[in-house]
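Below: final.cif (mmCIF, C-alpha atoms and all ligand atoms)
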```cif
data_run
#
loop_
_atom_site.label_atom_id
_atom_site.label_comp_id
_atom_site.auth_asym_id
_atom_site.auth_seq_id
_atom_site.Cartn_x
_atom_site.Cartn_y
_atom_site.Cartn_z
CA MET A 1 -16.53 25.14 17.80
CA GLU A 2 -13.37 23.67 16.19
CA LYS A 3 -11.79 20.71 18.01
CA PRO A 4 -8.10 21.32 18.90
CA LEU A 5 -6.26 18.42 17.30
CA ILE A 6 -2.70 17.12 17.15
CA LEU A 7 -1.78 14.57 14.46
CA HIS A 8 1.06 12.12 15.14
CA MET A 9 2.00 10.29 11.92
CA ASP A 10 4.55 8.25 9.99
CA PRO A 11 3.57 8.94 6.35
CA GLY A 12 3.22 6.39 4.85
CA VAL A 13 0.45 6.28 2.26
CA ASP A 14 -2.48 5.86 4.63
CA ASP A 15 -1.11 8.48 7.02
CA ALA A 16 -0.86 10.90 4.10
CA LEU A 17 -4.51 10.30 3.17
CA ALA A 18 -5.50 10.73 6.82
CA LEU A 19 -3.61 14.06 6.82
CA VAL A 20 -5.54 15.21 3.72
CA LEU A 21 -8.79 14.26 5.45
CA ALA A 22 -7.87 16.26 8.54
CA LEU A 23 -6.79 19.28 6.45
CA ASN A 24 -10.11 19.19 4.57
CA SER A 25 -12.23 18.97 7.74
CA PRO A 26 -13.37 22.37 9.07
CA GLU A 27 -14.34 20.71 12.36
CA PHE A 28 -10.67 20.66 13.41
CA ASN A 29 -8.23 23.25 14.65
CA ILE A 30 -5.02 21.43 13.68
CA LEU A 31 -2.44 22.63 16.19
CA GLY A 32 0.35 20.75 14.44
CA VAL A 33 1.56 17.52 12.88
CA ILE A 34 4.30 15.36 14.42
CA ALA A 35 6.59 13.35 12.13
CA SER A 36 7.50 9.99 13.66
CA TYR A 37 9.62 7.07 12.49
CA GLY A 38 7.57 4.02 11.56
CA ASN A 39 6.70 3.16 7.97
CA VAL A 40 9.76 5.17 6.98
CA PRO A 41 12.59 6.97 8.83
CA ARG A 42 11.55 10.11 10.71
CA GLU A 43 13.25 12.43 8.20
CA THR A 44 11.22 10.82 5.38
CA SER A 45 8.03 11.22 7.41
CA LEU A 46 8.93 14.88 7.94
CA ARG A 47 9.54 15.44 4.22
CA ASN A 48 6.31 13.65 3.30
CA ILE A 49 4.22 15.81 5.59
CA PHE A 50 5.68 18.88 3.87
CA ARG A 51 5.12 17.20 0.46
CA ILE A 52 1.38 16.78 1.22
CA LEU A 53 1.04 20.31 2.65
CA ASN A 54 2.86 21.77 -0.37
CA TYR A 55 0.81 19.72 -2.85
CA LEU A 56 -2.45 20.98 -1.32
CA GLY A 57 -1.13 24.52 -1.05
CA VAL A 58 -1.33 24.58 2.77
CA ASP A 59 1.32 26.75 4.41
CA ASP A 60 -0.07 27.49 7.87
CA VAL A 61 0.26 24.13 9.63
CA LYS A 62 3.19 23.59 11.99
CA VAL A 63 5.24 20.41 11.73
CA TYR A 64 7.31 18.96 14.57
CA LYS A 65 10.05 16.32 14.78
CA GLY A 66 9.07 13.18 16.68
CA SER A 67 11.22 10.25 17.71
CA TYR A 68 13.60 8.60 15.26
CA ARG A 69 13.45 5.14 16.93
CA PRO A 70 11.48 3.10 19.48
CA ILE A 71 12.21 3.01 23.22
CA MET A 72 13.58 -0.53 22.88
CA GLY A 73 14.29 -2.76 19.90
CA HIS A 74 14.75 -1.85 16.25
CA VAL A 75 12.60 -0.50 13.43
CA ASP A 76 11.33 -2.58 10.51
CA TYR A 77 10.49 0.10 7.93
CA ALA A 78 7.57 -0.78 5.61
CA PHE A 79 9.15 0.22 2.29
CA ASP A 80 7.53 -2.81 0.62
CA ILE A 81 4.07 -1.39 1.30
CA HIS A 82 4.71 2.34 1.16
CA GLY A 83 7.60 2.58 -1.32
CA GLU A 84 11.07 3.99 -0.75
CA ASP A 85 9.65 7.54 -0.62
CA GLY A 86 6.85 6.46 1.74
CA LEU A 87 4.10 7.77 -0.59
CA GLY A 88 3.99 4.94 -3.10
CA ASN A 89 6.94 6.33 -5.09
CA ILE A 90 4.78 9.03 -6.68
CA SER A 91 7.69 11.51 -6.43
CA LEU A 92 5.73 14.51 -5.14
CA PRO A 93 8.01 17.54 -5.24
CA TYR A 94 9.58 18.54 -1.93
CA LYS A 95 9.92 22.32 -1.61
CA GLY A 96 11.38 22.07 1.84
CA GLY A 97 10.10 23.00 5.24
CA VAL A 98 11.65 23.43 8.64
CA ALA A 99 10.28 21.67 11.70
CA SER A 100 8.87 24.05 14.29
CA GLY A 101 10.46 22.19 17.18
CA MET A 102 10.48 18.87 19.01
CA ALA A 103 7.34 16.80 19.51
CA ILE A 104 7.58 16.34 23.27
CA ASP A 105 7.71 20.09 23.94
CA PHE A 106 4.83 20.68 21.54
CA LEU A 107 2.71 17.94 23.16
CA LEU A 108 3.29 19.19 26.71
CA GLU A 109 2.79 22.87 25.84
CA SER A 110 -0.39 22.16 23.81
CA SER A 111 -1.83 20.09 26.65
CA ARG A 112 -1.33 23.04 28.98
CA GLU A 113 -2.84 25.55 26.55
CA TYR A 114 -5.92 23.57 25.39
CA GLY A 115 -8.30 21.98 27.88
CA ASP A 116 -10.03 19.72 25.34
CA LEU A 117 -7.08 18.46 23.31
CA THR A 118 -7.53 15.39 21.12
CA ILE A 119 -4.46 13.55 19.81
CA VAL A 120 -4.74 11.22 16.81
CA SER A 121 -1.77 8.87 16.49
CA THR A 122 -1.37 6.78 13.34
CA ALA A 123 2.23 5.80 14.11
CA PRO A 124 4.16 3.92 16.79
CA LEU A 125 3.32 5.49 20.17
CA THR A 126 6.86 6.43 21.20
CA ASP A 127 6.33 10.20 21.41
CA ILE A 128 3.07 9.87 23.33
CA ALA A 129 4.78 7.56 25.83
CA LEU A 130 7.69 10.00 26.24
CA ALA A 131 5.27 12.87 26.98
CA ILE A 132 3.53 10.69 29.59
CA LEU A 133 6.88 9.84 31.23
CA ALA A 134 8.05 13.47 31.13
CA ASP A 135 5.04 15.03 32.90
CA SER A 136 2.85 13.13 35.38
CA GLU A 137 -0.06 15.53 34.73
CA PHE A 138 -0.05 15.15 30.92
CA VAL A 139 -2.64 12.34 30.92
CA ASP A 140 -5.05 14.43 33.00
CA ARG A 141 -4.77 17.38 30.64
CA VAL A 142 -5.41 15.48 27.37
CA SER A 143 -9.06 14.86 26.53
CA ARG A 144 -8.43 11.63 24.59
CA LEU A 145 -5.98 9.77 22.38
CA ILE A 146 -7.37 8.07 19.31
CA SER A 147 -4.76 5.60 18.15
CA MET A 148 -4.68 3.53 14.98
CA GLY A 149 -3.02 0.39 16.27
CA GLY A 150 -3.44 -3.10 17.62
CA ALA A 151 -5.16 -6.28 16.50
CA PHE A 152 -7.52 -7.28 19.29
CA GLY A 153 -9.41 -10.27 17.94
CA LEU A 154 -12.76 -8.55 18.46
CA THR A 155 -13.77 -9.22 14.85
CA PRO A 156 -12.65 -11.82 12.26
CA TYR A 157 -10.20 -9.19 10.90
CA GLY A 158 -8.40 -8.52 14.19
CA TYR A 159 -5.24 -10.56 13.48
CA GLY A 160 -1.67 -9.39 12.90
CA ASN A 161 0.08 -7.80 9.96
CA MET A 162 3.55 -8.08 11.52
CA GLY A 163 3.39 -11.85 11.97
CA ALA A 164 0.31 -13.72 13.02
CA ALA A 165 -0.52 -11.70 16.10
CA SER A 166 1.00 -8.23 16.05
CA GLU A 167 -0.05 -4.99 14.36
CA PHE A 168 2.69 -2.74 12.92
CA ASN A 169 2.32 0.38 15.12
CA VAL A 170 2.26 -1.60 18.36
CA TYR A 171 4.92 -4.05 17.13
CA SER A 172 7.22 -1.12 16.29
CA ASP A 173 7.24 0.03 19.94
CA PRO A 174 5.30 -2.31 22.26
CA HIS A 175 6.89 -0.72 25.34
CA ALA A 176 5.45 2.63 24.31
CA ALA A 177 2.04 1.08 23.67
CA SER A 178 2.13 -0.59 27.09
CA ILE A 179 3.03 2.71 28.77
CA VAL A 180 0.22 4.53 26.94
CA TYR A 181 -2.47 1.89 27.56
CA SER A 182 -1.64 1.73 31.29
CA SER A 183 -1.18 5.50 31.80
CA GLY A 184 -4.75 6.46 32.66
CA LEU A 185 -5.05 8.41 29.38
CA ASP A 186 -8.48 7.99 27.76
CA VAL A 187 -7.37 5.75 24.87
CA TYR A 188 -9.59 4.85 21.91
CA SER A 189 -7.87 2.15 19.84
CA VAL A 190 -8.81 1.72 16.19
CA GLY A 191 -7.25 -1.62 15.29
CA LEU A 192 -7.08 -3.90 12.31
CA ASP A 193 -10.31 -5.43 13.66
CA VAL A 194 -12.21 -2.59 11.95
CA THR A 195 -9.77 -1.01 9.47
CA ARG A 196 -9.66 -4.34 7.57
CA ASP A 197 -13.45 -4.74 7.56
CA PRO A 198 -14.45 -5.51 3.92
CA SER A 199 -17.01 -2.69 4.02
CA ALA A 200 -14.20 -0.18 4.60
CA VAL A 201 -11.59 -1.64 2.25
CA TYR A 202 -11.14 -0.60 -1.42
CA THR A 203 -11.21 -3.24 -4.16
CA GLU A 204 -9.01 -2.99 -7.24
CA GLU A 205 -12.03 -1.88 -9.28
CA GLU A 206 -12.84 0.87 -6.78
CA VAL A 207 -9.22 2.04 -6.86
CA ARG A 208 -9.29 2.27 -10.67
CA LYS A 209 -12.64 4.11 -10.61
CA ILE A 210 -11.27 6.66 -8.12
CA GLY A 211 -8.21 7.18 -10.28
CA ARG A 212 -10.45 7.97 -13.26
CA GLY A 213 -13.03 10.18 -11.53
CA GLY A 214 -11.18 11.50 -8.51
CA GLY A 215 -9.74 14.93 -7.76
CA ALA A 216 -6.25 16.17 -6.98
CA ILE A 217 -5.58 13.28 -4.58
CA GLY A 218 -7.92 10.74 -6.16
CA LYS A 219 -5.98 10.77 -9.43
CA LEU A 220 -2.78 9.94 -7.47
CA PHE A 221 -4.55 7.21 -5.51
CA PRO A 222 -3.95 4.19 -7.83
CA ASN A 223 -0.20 4.87 -7.94
CA MET A 224 0.00 5.62 -4.21
CA VAL A 225 -1.64 2.29 -3.29
CA SER A 226 -0.22 0.11 -6.07
CA SER A 227 2.11 -1.87 -3.78
CA ILE A 228 -0.59 -2.32 -1.15
CA LEU A 229 -2.95 -3.63 -3.84
CA ARG A 230 -0.32 -5.96 -5.31
CA ILE A 231 0.69 -7.40 -1.93
CA GLU A 232 -2.65 -7.48 -0.08
CA GLY A 233 -5.14 -7.71 -2.96
CA ALA A 234 -7.20 -4.83 -1.59
CA VAL A 235 -6.55 -1.44 0.02
CA ALA A 236 -7.26 -0.64 3.66
CA ILE A 237 -6.69 3.04 4.46
CA HIS A 238 -6.08 2.23 8.13
CA ASP A 239 -5.04 5.68 9.33
CA ALA A 240 -7.92 7.61 7.80
CA VAL A 241 -10.40 5.70 10.01
CA PRO A 242 -9.61 7.47 13.32
CA VAL A 243 -9.76 10.87 11.58
CA ALA A 244 -13.06 9.96 9.88
CA TYR A 245 -14.37 8.94 13.30
CA LEU A 246 -13.75 12.50 14.52
CA VAL A 247 -15.73 13.77 11.51
CA ASP A 248 -18.65 11.42 12.25
CA GLU A 249 -18.52 9.43 15.48
CA ASN A 250 -21.31 7.16 14.23
CA ILE A 251 -18.90 5.28 11.98
CA LEU A 252 -17.32 3.34 14.85
CA ARG A 253 -18.51 1.48 17.94
CA PHE A 254 -16.13 0.97 20.86
CA LYS A 255 -16.05 -1.68 23.57
CA ASP A 256 -14.15 -1.23 26.85
CA VAL A 257 -11.77 -4.14 27.30
CA TYR A 258 -8.65 -4.96 29.28
CA VAL A 259 -5.55 -5.02 27.10
CA SER A 260 -1.95 -6.06 27.73
CA VAL A 261 0.97 -5.93 25.30
CA GLU A 262 3.43 -8.77 24.72
CA LEU A 263 6.91 -7.35 25.33
CA CYS A 264 9.12 -10.42 25.01
CA GLY A 265 7.40 -13.20 23.07
CA SER A 266 9.47 -14.79 20.33
CA GLU A 267 6.31 -15.50 18.30
CA SER A 268 4.00 -12.81 19.66
CA TYR A 269 6.19 -9.75 20.32
CA GLY A 270 3.95 -6.65 20.12
CA ALA A 271 0.67 -8.57 20.27
CA THR A 272 -2.27 -6.80 21.94
CA ILE A 273 -3.94 -9.32 24.24
CA VAL A 274 -7.55 -8.86 25.39
CA ASP A 275 -8.60 -10.49 28.68
CA ARG A 276 -11.99 -11.94 27.72
CA ARG A 277 -12.79 -13.27 31.21
CA GLU A 278 -15.71 -10.86 31.51
CA TRP A 279 -16.98 -12.56 34.66
CA LEU A 280 -13.97 -11.14 36.52
CA PRO A 281 -14.12 -7.64 38.00
CA GLY A 282 -11.87 -5.15 36.23
CA ASP A 283 -9.19 -5.10 38.91
CA LEU A 284 -8.71 -8.86 38.53
CA ARG A 285 -8.36 -8.82 34.78
CA GLN A 286 -5.00 -8.81 33.01
CA GLY A 287 -4.00 -5.53 31.44
CA SER A 288 -5.38 -2.00 31.35
CA ARG A 289 -8.79 -0.70 30.38
CA VAL A 290 -8.84 0.62 26.78
CA TRP A 291 -11.69 1.48 24.44
CA VAL A 292 -11.31 -0.72 21.34
CA ALA A 293 -13.36 -0.37 18.13
CA ASP A 294 -15.34 -3.52 17.31
CA TRP A 295 -17.62 -2.30 14.48
CA ILE A 296 -17.34 0.12 11.54
CA ASP A 297 -19.79 1.63 9.07
CA GLY A 298 -17.50 1.21 6.07
CA GLY A 299 -19.99 2.72 3.65
CA ARG A 300 -20.13 5.98 5.61
CA PHE A 301 -16.31 5.92 5.93
CA LYS A 302 -15.98 5.73 2.14
CA GLU A 303 -18.48 8.56 1.73
CA ILE A 304 -16.36 10.80 3.94
CA MET A 305 -13.22 9.76 2.05
CA TRP A 306 -14.86 10.57 -1.30
CA GLU A 307 -16.18 13.94 -0.13
CA ARG A 308 -13.01 15.14 1.59
CA VAL A 309 -10.03 13.23 0.15
CA LEU A 310 -10.51 11.28 -3.06
CA GLY A 311 -13.42 12.87 -4.92
CA PRO A 312 -13.38 15.66 -7.54
CA SER A 313 -14.24 18.34 -4.96
CA VAL A 314 -10.73 17.99 -3.47
CA GLY A 315 -8.39 20.33 -5.28
CA ARG A 316 -5.22 22.23 -4.61
CA ARG A 317 -5.54 25.56 -2.79
O1 LIG B 401 -0.90 -1.52 10.80
C1 LIG B 401 -1.21 -0.39 10.04
C2 LIG B 401 -0.49 0.80 10.55
O2 LIG B 401 0.91 0.64 10.42
C3 LIG B 401 -0.79 2.09 9.77
O3 LIG B 401 -0.64 3.18 10.63
C4 LIG B 401 0.25 2.12 8.72
O4 LIG B 401 0.53 3.45 8.27
C5 LIG B 401 1.43 1.57 9.48
O5 LIG B 401 2.03 2.66 10.17
CA CA B 402 0.82 5.01 10.00
#
```

Output the file's structure in the form of C-alpha cells.
Ligand code: RIB
Ligand code: CA
Amino acid sequence: MEKPLILHMDPGVDDALALVLALNSPEFNILGVIASYGNVPRETSLRNIFRILNYLGVDDVKVYKGSYRPIMGHVDYAFDIHGEDGLGNISLPYKGGVASGMAIDFLLESSREYGDLTIVSTAPLTDIALAILADSEFVDRVSRLISMGGAFGLTPYGYGNMGAASEFNVYSDPHAASIVYSSGLDVYSVGLDVTRDPSAVYTEEEVRKIGRGGGAIGKLFPNMVSSILRIEGAVAIHDAVPVAYLVDENILRFKDVYVSVELCGSESYGATIVDRREWLPGDLRQGSRVWVADWIDGGRFKEIMWERVLGPSVGRR
C-alpha cells in the first residue's frame, strides 16, 4: 500500500536530490510538492522543482506555492552553498510549470482526505506552522511530520551551520519551528546530528566516482555539489535522509527528548535546545516532546541513494 506523502522543500541541491529519491520510490503516493523560500527565494524553489520534474520526464506531480518569507525576521538565502540558481548552477532547462494552488489549502485539504498522511519538510517550517494555526484539528489528522532540521547535540555532529548553535531550517524561521514542535503533531526531527555523520557524508573521491559511473543525476552530481565540497570539504545530502528513512526505517534511530527553540538570543537565535535533565518528569522539563534522530546507518543510506538517485539505473523517463 503506497504511503500518501507531501514534500515541503526549498531546492536547494540536497532538496532536489531528496525529490529525485521520492520520485523514484514506488512506496510513496506523492500528493504534491510545496515550494518554500529558504535556500533560495520561493519562486526559485518553484522553478527548481519543475526543473527536476522536467529533467526526469515526470509530468503528473502537482506543485504548490509555499510561503515567501518567515513569520518573523528576514531570510538569509544560501546562494554560497547552492549557487544562484539553487541547483549548483548546472543550468537545467526550465520549461515552465504553473503552481496548482497555495500550500496551506493543499495541506489542510490533503489532511482531510488522507487519514495516514506523512509530511516530509526539508525547508523552514513556516507553511506547516501556518496550517497548524489555521485549523486546530490539523495536527490530529496528520500521521507524522518528518522534518530535516535542528542541531540537537545528541551526537558529536549536532552543532550549528548558521553560527555555532543553529541549523539553517530552524534558524530561518524559529517561531515556526517552535509552533510546530509544541503543537502536538507527531514530529520526527532529522538534524545535523545524523546528516553530518561521516558514514553518511560523501568524500571528494566518492563524488568524483559517482560523476564517472553514475546515471542521469549521478553525472550531474559533481557540478551540483561543487560549492558544498569546496566550502565544507565533504558533501552531506541532508534532505535525502528523511526520505531515505521512509524507504527503510532501519537507517535511523530516534530518541524522545524535550526541545525548545531560542527565539531572541543574539548568539543563539534559532538554536534547538534539548533539556537533558532526564531525572525530571516530562511536564517539568523545558520545551516540547519531539522525536530526534541520534544514530544513522550511513552505509545503508548511501546504498539507497545509489540505487534510486545517483547510480546508473536512474535515467530520464
Ligand atoms: O541545514 C541544512 C538544511 O538547510 C537543508 O535542508 C538544506 O537544504 C538547507 O535548507
Ligand atoms: Ca532544504

Any residue with an atom at most 10 Å from ligand CA 402 (chain B) counts, using all atoms listed in the file. Which are they? Put them as a PyMOL selection string. chain A and resi 8-16+18+36-40+45+78+121-124+147-149+168-169+237-240

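Note that CA of Asp140 (chain A) and CA of Ser67 (chain A) are 22.7 Å apart.
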
Taking into account only C-alpha atoms and all ligand atoms, which residue in the set A:Ala271, A:Val170, A:Val194, A:Ile71 is nearest to ligand LIG 401 (chain B)?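 Residue with the minimum atom-to-atom distance to ligand LIG 401 (chain B): A:Val170.
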
Closest of A:Leu117, A:Val75, A:Ile6, A:Ile52 to Gly97 (chain A) - atom-to-atom distances counting only C-alpha atoms: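 Using only C-alpha atoms, the shortest distance to Gly97 (chain A) belongs to A:Ile52.
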
A:Ile132, A:Asp193, A:Phe301, A:Ser182: which is nearest Tyr258 (chain A), counting all atoms listed in the file?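 Of all the options, A:Ser182 lies closest to Tyr258 (chain A).
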
Need to verify the contact set: Arg285 (chain A), 10 Å, all atoms listed in the file, exclusion of same-chain residues closer than 6 positions in sequence. Can you return it as a list in words?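 Surrounding residues, per the criterion: Val257, Tyr258, Val259, Ser260, Val274, Asp275, Arg276, Arg277, Glu278 and Trp279 of chain A.
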
Nearest to ligand LIG 401 (chain B): which of A:Val235, A:Leu280, A:Ala134, A:Val63 is it, counting only C-alpha atoms and all ligand atoms?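 Ranked by minimum distance to ligand LIG 401 (chain B), first place goes to A:Val235.
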
Would you compute the box with edges along x, y and z of the file around ligand LIG 401 (chain B), including every atom the file lists for it and 5 Å extra on each side, and give its centre and edge lengths in Å to one decimal, as lines of an AutoDock Vina configuration file?
```
center_x = 0.4
center_y = 1.0
center_z = 9.5
size_x = 13.2
size_y = 15.0
size_z = 12.5
```
